[in-house]
$ cat input20.pdb   # PDB, C-alpha atoms
ATOM      1  CA  MET A   1       7.296 -54.380   2.444  1.00  0.00           C
ATOM      2  CA  SER A   2       9.899 -53.150   4.958  1.00  0.00           C
ATOM      3  CA  ILE A   3       9.227 -49.506   4.203  1.00  0.00           C
ATOM      4  CA  ASP A   4       5.466 -50.092   4.482  1.00  0.00           C
ATOM      5  CA  TRP A   5       6.007 -51.759   7.866  1.00  0.00           C
ATOM      6  CA  ALA A   6       8.069 -48.804   9.122  1.00  0.00           C
ATOM      7  CA  LYS A   7       5.484 -46.301   7.851  1.00  0.00           C
ATOM      8  CA  ALA A   8       2.733 -48.253   9.623  1.00  0.00           C
ATOM      9  CA  GLU A   9       4.738 -48.125  12.862  1.00  0.00           C
ATOM     10  CA  VAL A  10       5.149 -44.361  12.493  1.00  0.00           C
ATOM     11  CA  PHE A  11       1.398 -44.028  11.895  1.00  0.00           C
ATOM     12  CA  SER A  12       0.746 -46.132  14.991  1.00  0.00           C
ATOM     13  CA  ALA A  13       2.962 -43.770  16.978  1.00  0.00           C
ATOM     14  CA  LYS A  14       0.869 -40.825  15.845  1.00  0.00           C
ATOM     15  CA  ILE A  15      -2.366 -42.590  16.837  1.00  0.00           C
ATOM     16  CA  SER A  16      -0.832 -43.440  20.217  1.00  0.00           C
ATOM     17  CA  PHE A  17       0.008 -39.785  20.711  1.00  0.00           C
ATOM     18  CA  LEU A  18      -3.620 -38.879  20.016  1.00  0.00           C
ATOM     19  CA  LEU A  19      -4.702 -41.445  22.621  1.00  0.00           C
ATOM     20  CA  SER A  20      -2.420 -39.755  25.148  1.00  0.00           C
ATOM     21  CA  LEU A  21      -4.307 -36.528  24.516  1.00  0.00           C
ATOM     22  CA  VAL A  22      -7.465 -38.274  25.712  1.00  0.00           C
ATOM     23  CA  PHE A  23      -5.792 -38.952  29.057  1.00  0.00           C
ATOM     24  CA  PHE A  24      -4.540 -35.362  29.294  1.00  0.00           C
ATOM     25  CA  LEU A  25      -7.997 -34.002  28.474  1.00  0.00           C
ATOM     26  CA  ALA A  26      -9.563 -36.339  31.032  1.00  0.00           C
ATOM     27  CA  ALA A  27      -7.112 -35.109  33.680  1.00  0.00           C
ATOM     28  CA  LEU A  28      -7.929 -31.533  32.768  1.00  0.00           C
ATOM     29  CA  GLY A  29     -11.641 -32.286  32.952  1.00  0.00           C
ATOM     30  CA  PHE A  30     -11.354 -33.944  36.358  1.00  0.00           C
ATOM     31  CA  TRP A  31      -9.235 -31.062  37.603  1.00  0.00           C
ATOM     32  CA  GLN A  32     -11.615 -28.352  36.400  1.00  0.00           C
ATOM     33  CA  LEU A  33     -14.973 -30.064  36.805  1.00  0.00           C
ATOM     34  CA  GLY A  34     -14.378 -32.672  39.497  1.00  0.00           C
ATOM     35  CA  LYS A  35     -16.433 -31.967  42.602  1.00  0.00           C
ATOM     36  CA  THR A  36     -16.077 -35.220  44.521  1.00  0.00           C
ATOM     37  CA  ALA A  37     -12.980 -36.709  46.123  1.00  0.00           C
ATOM     38  CA  MET A  38     -13.141 -39.588  43.644  1.00  0.00           C
ATOM     39  CA  ALA A  39     -13.211 -37.253  40.637  1.00  0.00           C
ATOM     40  CA  LYS A  40     -10.337 -35.152  41.981  1.00  0.00           C
ATOM     41  CA  ALA A  41      -8.329 -38.326  42.635  1.00  0.00           C
ATOM     42  CA  PHE A  42      -8.147 -39.023  38.883  1.00  0.00           C
ATOM     43  CA  VAL A  43      -6.099 -35.934  37.999  1.00  0.00           C
ATOM     44  CA  TRP A  44      -2.586 -37.252  38.761  1.00  0.00           C
ATOM     45  CA  PRO A  45      -3.106 -40.861  37.607  1.00  0.00           C
ATOM     46  CA  MET A  46      -4.499 -39.600  34.286  1.00  0.00           C
ATOM     47  CA  LEU A  47      -1.570 -37.218  33.832  1.00  0.00           C
ATOM     48  CA  VAL A  48       0.926 -40.000  34.557  1.00  0.00           C
ATOM     49  CA  ALA A  49      -0.867 -42.346  32.138  1.00  0.00           C
ATOM     50  CA  GLY A  50      -0.802 -39.632  29.453  1.00  0.00           C
ATOM     51  CA  VAL A  51       2.932 -39.152  29.944  1.00  0.00           C
ATOM     52  CA  LEU A  52       3.520 -42.914  29.720  1.00  0.00           C
ATOM     53  CA  ILE A  53       1.596 -43.146  26.459  1.00  0.00           C
ATOM     54  CA  VAL A  54       3.513 -40.153  25.057  1.00  0.00           C
ATOM     55  CA  THR A  55       6.707 -42.013  25.981  1.00  0.00           C
ATOM     56  CA  VAL A  56       5.534 -45.158  24.159  1.00  0.00           C
ATOM     57  CA  SER A  57       4.484 -43.052  21.195  1.00  0.00           C
ATOM     58  CA  ALA A  58       7.822 -41.250  21.070  1.00  0.00           C
ATOM     59  CA  GLY A  59       9.662 -44.557  21.277  1.00  0.00           C
ATOM     60  CA  LEU A  60       7.689 -45.956  18.351  1.00  0.00           C
ATOM     61  CA  TYR A  61       8.122 -42.797  16.326  1.00  0.00           C
ATOM     62  CA  PHE A  62      11.816 -42.148  16.880  1.00  0.00           C
ATOM     63  CA  ALA A  63      12.742 -45.817  16.477  1.00  0.00           C
ATOM     64  CA  ASN A  64      10.886 -46.226  13.198  1.00  0.00           C
ATOM     65  CA  LYS A  65      10.940 -42.848  11.426  1.00  0.00           C
ATOM     66  CA  PRO A  66      14.620 -43.199  10.410  1.00  0.00           C
ATOM     67  CA  ARG A  67      13.945 -46.723   9.162  1.00  0.00           C
ATOM     68  CA  VAL A  68      11.633 -45.435   6.432  1.00  0.00           C
ATOM     69  CA  THR A  69      14.602 -44.046   4.508  1.00  0.00           C
ATOM     70  CA  GLN A  70      17.268 -46.322   5.961  1.00  0.00           C
ATOM     71  CA  PHE A  71      15.640 -49.582   4.852  1.00  0.00           C
ATOM     72  CA  GLU A  72      15.932 -48.902   1.125  1.00  0.00           C
ATOM     73  CA  THR A  73      19.570 -47.848   1.404  1.00  0.00           C
ATOM     74  CA  THR A  74      20.515 -50.840   3.545  1.00  0.00           C
ATOM     75  CA  TYR A  75      18.604 -53.259   1.320  1.00  0.00           C
ATOM     76  CA  ASN A  76      20.325 -51.926  -1.822  1.00  0.00           C
ATOM     77  CA  ILE A  77      23.773 -52.349  -0.249  1.00  0.00           C
ATOM     78  CA  ASP A  78      23.321 -55.996   0.809  1.00  0.00           C
ATOM     79  CA  ALA A  79      19.849 -57.470   0.406  1.00  0.00           C
ATOM     80  CA  LYS A  80      20.698 -60.846   1.919  1.00  0.00           C
ATOM     81  CA  ALA A  81      22.241 -59.350   5.084  1.00  0.00           C
ATOM     82  CA  PHE A  82      19.315 -56.944   5.409  1.00  0.00           C
ATOM     83  CA  VAL A  83      16.749 -59.747   5.249  1.00  0.00           C
ATOM     84  CA  GLN A  84      18.735 -61.823   7.764  1.00  0.00           C
ATOM     85  CA  THR A  85      19.066 -58.923  10.215  1.00  0.00           C
ATOM     86  CA  GLU A  86      15.397 -57.992   9.924  1.00  0.00           C
ATOM     87  CA  THR A  87      14.312 -61.627  10.327  1.00  0.00           C
ATOM     88  CA  GLU A  88      16.286 -61.881  13.554  1.00  0.00           C
ATOM     89  CA  ARG A  89      14.955 -58.546  14.815  1.00  0.00           C
ATOM     90  CA  THR A  90      11.324 -59.437  14.090  1.00  0.00           C
ATOM     91  CA  ALA A  91      11.739 -62.852  15.740  1.00  0.00           C
ATOM     92  CA  LYS A  92      13.055 -61.138  18.875  1.00  0.00           C
ATOM     93  CA  SER A  93      10.159 -58.673  18.748  1.00  0.00           C
ATOM     94  CA  GLN A  94       7.679 -61.551  18.560  1.00  0.00           C
ATOM     95  CA  HIS A  95       9.250 -63.099  21.649  1.00  0.00           C
ATOM     96  CA  ASP A  96       9.165 -59.765  23.507  1.00  0.00           C
ATOM     97  CA  LEU A  97       5.521 -59.143  22.565  1.00  0.00           C
ATOM     98  CA  ALA A  98       4.548 -62.609  23.802  1.00  0.00           C
ATOM     99  CA  LEU A  99       5.999 -61.653  27.184  1.00  0.00           C
ATOM    100  CA  VAL A 100       4.179 -58.311  27.143  1.00  0.00           C
ATOM    101  CA  PHE A 101       0.860 -60.090  26.583  1.00  0.00           C
ATOM    102  CA  LYS A 102       1.499 -62.167  29.692  1.00  0.00           C
ATOM    103  CA  VAL A 103       2.521 -59.241  31.894  1.00  0.00           C
ATOM    104  CA  LEU A 104      -0.137 -56.662  30.948  1.00  0.00           C
ATOM    105  CA  PRO A 105      -3.104 -58.888  31.940  1.00  0.00           C
ATOM    106  CA  LEU A 106      -1.413 -59.594  35.276  1.00  0.00           C
ATOM    107  CA  ILE A 107      -1.123 -55.845  35.865  1.00  0.00           C
ATOM    108  CA  ILE A 108      -4.818 -55.467  34.999  1.00  0.00           C
ATOM    109  CA  ILE A 109      -5.717 -58.173  37.521  1.00  0.00           C
ATOM    110  CA  ALA A 110      -3.619 -56.475  40.211  1.00  0.00           C
ATOM    111  CA  ALA A 111      -5.280 -53.128  39.460  1.00  0.00           C
ATOM    112  CA  ALA A 112      -8.733 -54.717  39.635  1.00  0.00           C
ATOM    113  CA  LEU A 113      -7.885 -56.213  43.022  1.00  0.00           C
ATOM    114  CA  LEU A 114      -6.703 -52.792  44.142  1.00  0.00           C
ATOM    115  CA  ILE A 115     -10.086 -51.315  43.208  1.00  0.00           C
ATOM    116  CA  VAL A 116     -11.961 -54.043  45.054  1.00  0.00           C
ATOM    117  CA  PHE A 117      -9.944 -54.169  48.254  1.00  0.00           C
ATOM    118  CA  VAL A 118      -8.759 -50.590  48.805  1.00  0.00           C
ATOM    119  CA  ASN A 119     -11.398 -48.052  49.725  1.00  0.00           C
ATOM    120  CA  MET A 120      -9.407 -44.862  49.159  1.00  0.00           C
ATOM    121  CA  PRO A 121     -10.282 -42.604  46.199  1.00  0.00           C
ATOM    122  CA  LEU A 122      -6.693 -42.095  45.025  1.00  0.00           C
ATOM    123  CA  TRP A 123      -5.889 -45.811  44.983  1.00  0.00           C
ATOM    124  CA  ARG A 124      -9.147 -46.631  43.231  1.00  0.00           C
ATOM    125  CA  ALA A 125      -8.405 -43.943  40.648  1.00  0.00           C
ATOM    126  CA  ILE A 126      -4.934 -45.405  40.188  1.00  0.00           C
ATOM    127  CA  GLY A 127      -6.436 -48.871  39.700  1.00  0.00           C
ATOM    128  CA  ILE A 128      -9.023 -47.672  37.172  1.00  0.00           C
ATOM    129  CA  THR A 129      -6.482 -45.583  35.274  1.00  0.00           C
ATOM    130  CA  THR A 130      -4.019 -48.482  35.262  1.00  0.00           C
ATOM    131  CA  ILE A 131      -6.638 -50.767  33.725  1.00  0.00           C
ATOM    132  CA  ALA A 132      -7.366 -48.142  31.049  1.00  0.00           C
ATOM    133  CA  LEU A 133      -3.649 -47.633  30.391  1.00  0.00           C
ATOM    134  CA  MET A 134      -2.884 -51.348  30.137  1.00  0.00           C
ATOM    135  CA  THR A 135      -5.854 -51.795  27.789  1.00  0.00           C
ATOM    136  CA  ILE A 136      -4.510 -49.026  25.539  1.00  0.00           C
ATOM    137  CA  LEU A 137      -1.025 -50.574  25.636  1.00  0.00           C
ATOM    138  CA  MET A 138      -2.489 -53.966  24.706  1.00  0.00           C
ATOM    139  CA  PHE A 139      -4.308 -52.298  21.806  1.00  0.00           C
ATOM    140  CA  ILE A 140      -1.094 -50.670  20.600  1.00  0.00           C
ATOM    141  CA  ASP A 141       0.949 -53.850  21.061  1.00  0.00           C
ATOM    142  CA  SER A 142      -1.646 -56.084  19.402  1.00  0.00           C
ATOM    143  CA  ASN A 143      -1.465 -53.949  16.279  1.00  0.00           C
ATOM    144  CA  THR A 144       2.319 -53.901  16.469  1.00  0.00           C
ATOM    145  CA  GLY A 145       2.333 -57.673  16.955  1.00  0.00           C
ATOM    146  CA  ALA A 146       0.083 -58.286  13.957  1.00  0.00           C
ATOM    147  CA  ARG A 147       2.232 -56.072  11.726  1.00  0.00           C
ATOM    148  CA  ASN A 148       5.413 -57.671  13.066  1.00  0.00           C
ATOM    149  CA  THR A 149       4.116 -61.190  12.402  1.00  0.00           C
ATOM    150  CA  ALA A 150       3.088 -60.342   8.833  1.00  0.00           C
ATOM    151  CA  TYR A 151       6.421 -58.634   8.205  1.00  0.00           C
ATOM    152  CA  HIS A 152       8.334 -61.570   9.703  1.00  0.00           C
ATOM    153  CA  GLN A 153       6.445 -64.031   7.488  1.00  0.00           C
ATOM    154  CA  HIS A 154       7.208 -61.868   4.453  1.00  0.00           C
ATOM    155  CA  LEU A 155      10.908 -61.840   5.363  1.00  0.00           C
ATOM    156  CA  LEU A 156      10.945 -65.626   5.782  1.00  0.00           C
ATOM    157  CA  ALA A 157       9.329 -66.046   2.361  1.00  0.00           C
ATOM    158  CA  GLU A 158      11.887 -63.669   0.848  1.00  0.00           C
ATOM    159  CA  LYS A 159      14.741 -65.645   2.392  1.00  0.00           C
ATOM    160  CA  GLN A 160      13.786 -68.744   0.452  1.00  0.00           C
TER     161      GLN A 160
END

$ encode --input "input20.pdb" --output "structure tokens"
Amino acid sequence: MSIDWAKAEVFSAKISFLLSLVFFLAALGFWQLGKTAMAKAFVWPMLVAGVLIVTVSAGLYFANKPRVTQFETTYNIDAKAFVQTETERTAKSQHDLALVFKVLPLIIIAAALLIVFVNMPLWRAIGITTIALMTILMFIDSNTGARNTAYHQHLLAEKQ
């Protein structure tokens, strides 16, 4: 189960990277085809959002790729210690994800208020891009959270 969880996290990182390409392509499209001030205002926010998603993707990938091979070795050395360590790590991850799901909606609300109350193309583009970025991050984290919860439950069952 641990190896499957790590492989799923690596797969999620690859999907996240593909999502970052959407932001990069959108920035390129706005740069090349944008004729209005509003369209041109999206170039930099979309590039920044793409870079942030690449960063998240790289973090997921480089944190979990080594675990695919490391888990089996560690489990074979001391199964009980491995299960205990992983149970503690997944419990901490659940706590961290709960906090993320409180913060991201607040950021979305702030970005929506920015769109409503600021009448400058760049700031509106930043608000719209921020909402899109936070939605993507919630998508990524909801999948991570679901996998983490299932993995944590499996570890708890194995402990008994």

$ residues_around --input "input20.pdb" --residues "Phe139 (chain A)" --least-positions-apart "6" --cutoff "10 Å" --atoms "all atoms listed in the file" --output "mmCIF file with C-alpha atoms, in the coordinates of the input"
data_model
loop_
_atom_site.group_PDB
_atom_site.id
_atom_site.type_symbol
_atom_site.label_atom_id
_atom_site.label_comp_id
_atom_site.auth_asym_id
_atom_site.auth_seq_id
_atom_site.Cartn_x
_atom_site.Cartn_y
_atom_site.Cartn_z
ATOM 1 C CA SER A 16 -0.832 -43.440 20.217
ATOM 2 C CA LEU A 133 -3.649 -47.633 30.391
ATOM 3 C CA GLY A 145 2.333 -57.673 16.955
#

$ atom_distance --input "input20.pdb" --atom1 "CA of Ser12 (chain A)" --atom2 "CA of Ala26 (chain A)"
21.4 Å

$ atom_distance --input "input20.pdb" --atom1 "CA of Leu33 (chain A)" --atom2 "CA of Met46 (chain A)"
14.4 Å

$ atom_distance --input "input20.pdb" --atom1 "CA of Pro105 (chain A)" --atom2 "CA of Ile126 (chain A)"
15.9 Å

$ residues_around --input "input20.pdb" --residues "region 92-103 of chain A" --least-positions-apart "6" --cutoff "12 Å" --atoms "all atoms listed in the file" --output "list in words"
Thr85, Glu86, Ile109, Ala110, Met134, Thr135, Leu137, Met138, Phe139, Ile140, Asp141, Ser142, Asn143, Thr144, Gly145, Ala146, Arg147, Asn148, Thr149, Ala150, Tyr151, His152 and Gln153 of chain A

$ decode --input "input20.pdb" --residues "region 100-148 of chain A" --atoms "C-alpha atoms" --output "compact mmCIF listing (two decimals), in the first residue's frame"
# COMPACT_ATOMS: atom_id res chain seq x y z
CA VAL A 100 -4.75 24.49 3.58
CA PHE A 101 -8.47 24.01 2.95
CA LYS A 102 -9.20 26.91 5.27
CA VAL A 103 -6.61 29.26 3.77
CA LEU A 104 -7.18 28.66 0.04
CA PRO A 105 -10.88 29.67 0.12
CA LEU A 106 -9.94 32.83 2.01
CA ILE A 107 -7.45 33.67 -0.74
CA ILE A 108 -10.18 33.06 -3.34
CA ILE A 109 -12.51 35.43 -1.49
CA ALA A 110 -9.80 38.11 -1.33
CA ALA A 111 -9.11 37.70 -5.06
CA ALA A 112 -12.83 37.97 -5.85
CA LEU A 113 -13.04 41.18 -3.83
CA LEU A 114 -10.03 42.47 -5.74
CA ILE A 115 -11.84 41.85 -9.03
CA VAL A 116 -14.97 43.61 -7.81
CA PHE A 117 -13.42 46.66 -6.20
CA VAL A 118 -10.32 47.40 -8.28
CA ASN A 119 -10.89 48.66 -11.79
CA MET A 120 -7.38 48.20 -13.19
CA PRO A 121 -6.73 45.47 -15.79
CA LEU A 122 -3.57 44.12 -14.15
CA TRP A 123 -5.17 43.76 -10.72
CA ARG A 124 -8.27 42.16 -12.18
CA ALA A 125 -6.07 39.74 -14.12
CA ILE A 126 -4.18 38.96 -10.92
CA GLY A 127 -7.47 38.32 -9.11
CA ILE A 128 -8.82 36.04 -11.85
CA THR A 129 -5.55 34.15 -12.17
CA THR A 130 -5.33 33.78 -8.39
CA ILE A 131 -8.80 32.24 -8.29
CA ALA A 132 -7.81 29.81 -11.06
CA LEU A 133 -4.54 28.97 -9.30
CA MET A 134 -6.17 28.40 -5.91
CA THR A 135 -8.82 26.21 -7.56
CA ILE A 136 -6.09 24.09 -9.16
CA LEU A 137 -4.24 23.87 -5.83
CA MET A 138 -7.46 22.78 -4.10
CA PHE A 139 -7.92 20.13 -6.79
CA ILE A 140 -4.38 18.85 -6.27
CA ASP A 141 -4.66 18.96 -2.48
CA SER A 142 -8.09 17.30 -2.41
CA ASN A 143 -6.67 14.33 -4.30
CA THR A 144 -3.62 14.30 -2.05
CA GLY A 145 -5.88 14.51 1.00
CA ALA A 146 -8.06 11.61 -0.14
CA ARG A 147 -5.02 9.42 -0.82
CA ASN A 148 -3.44 10.45 2.48
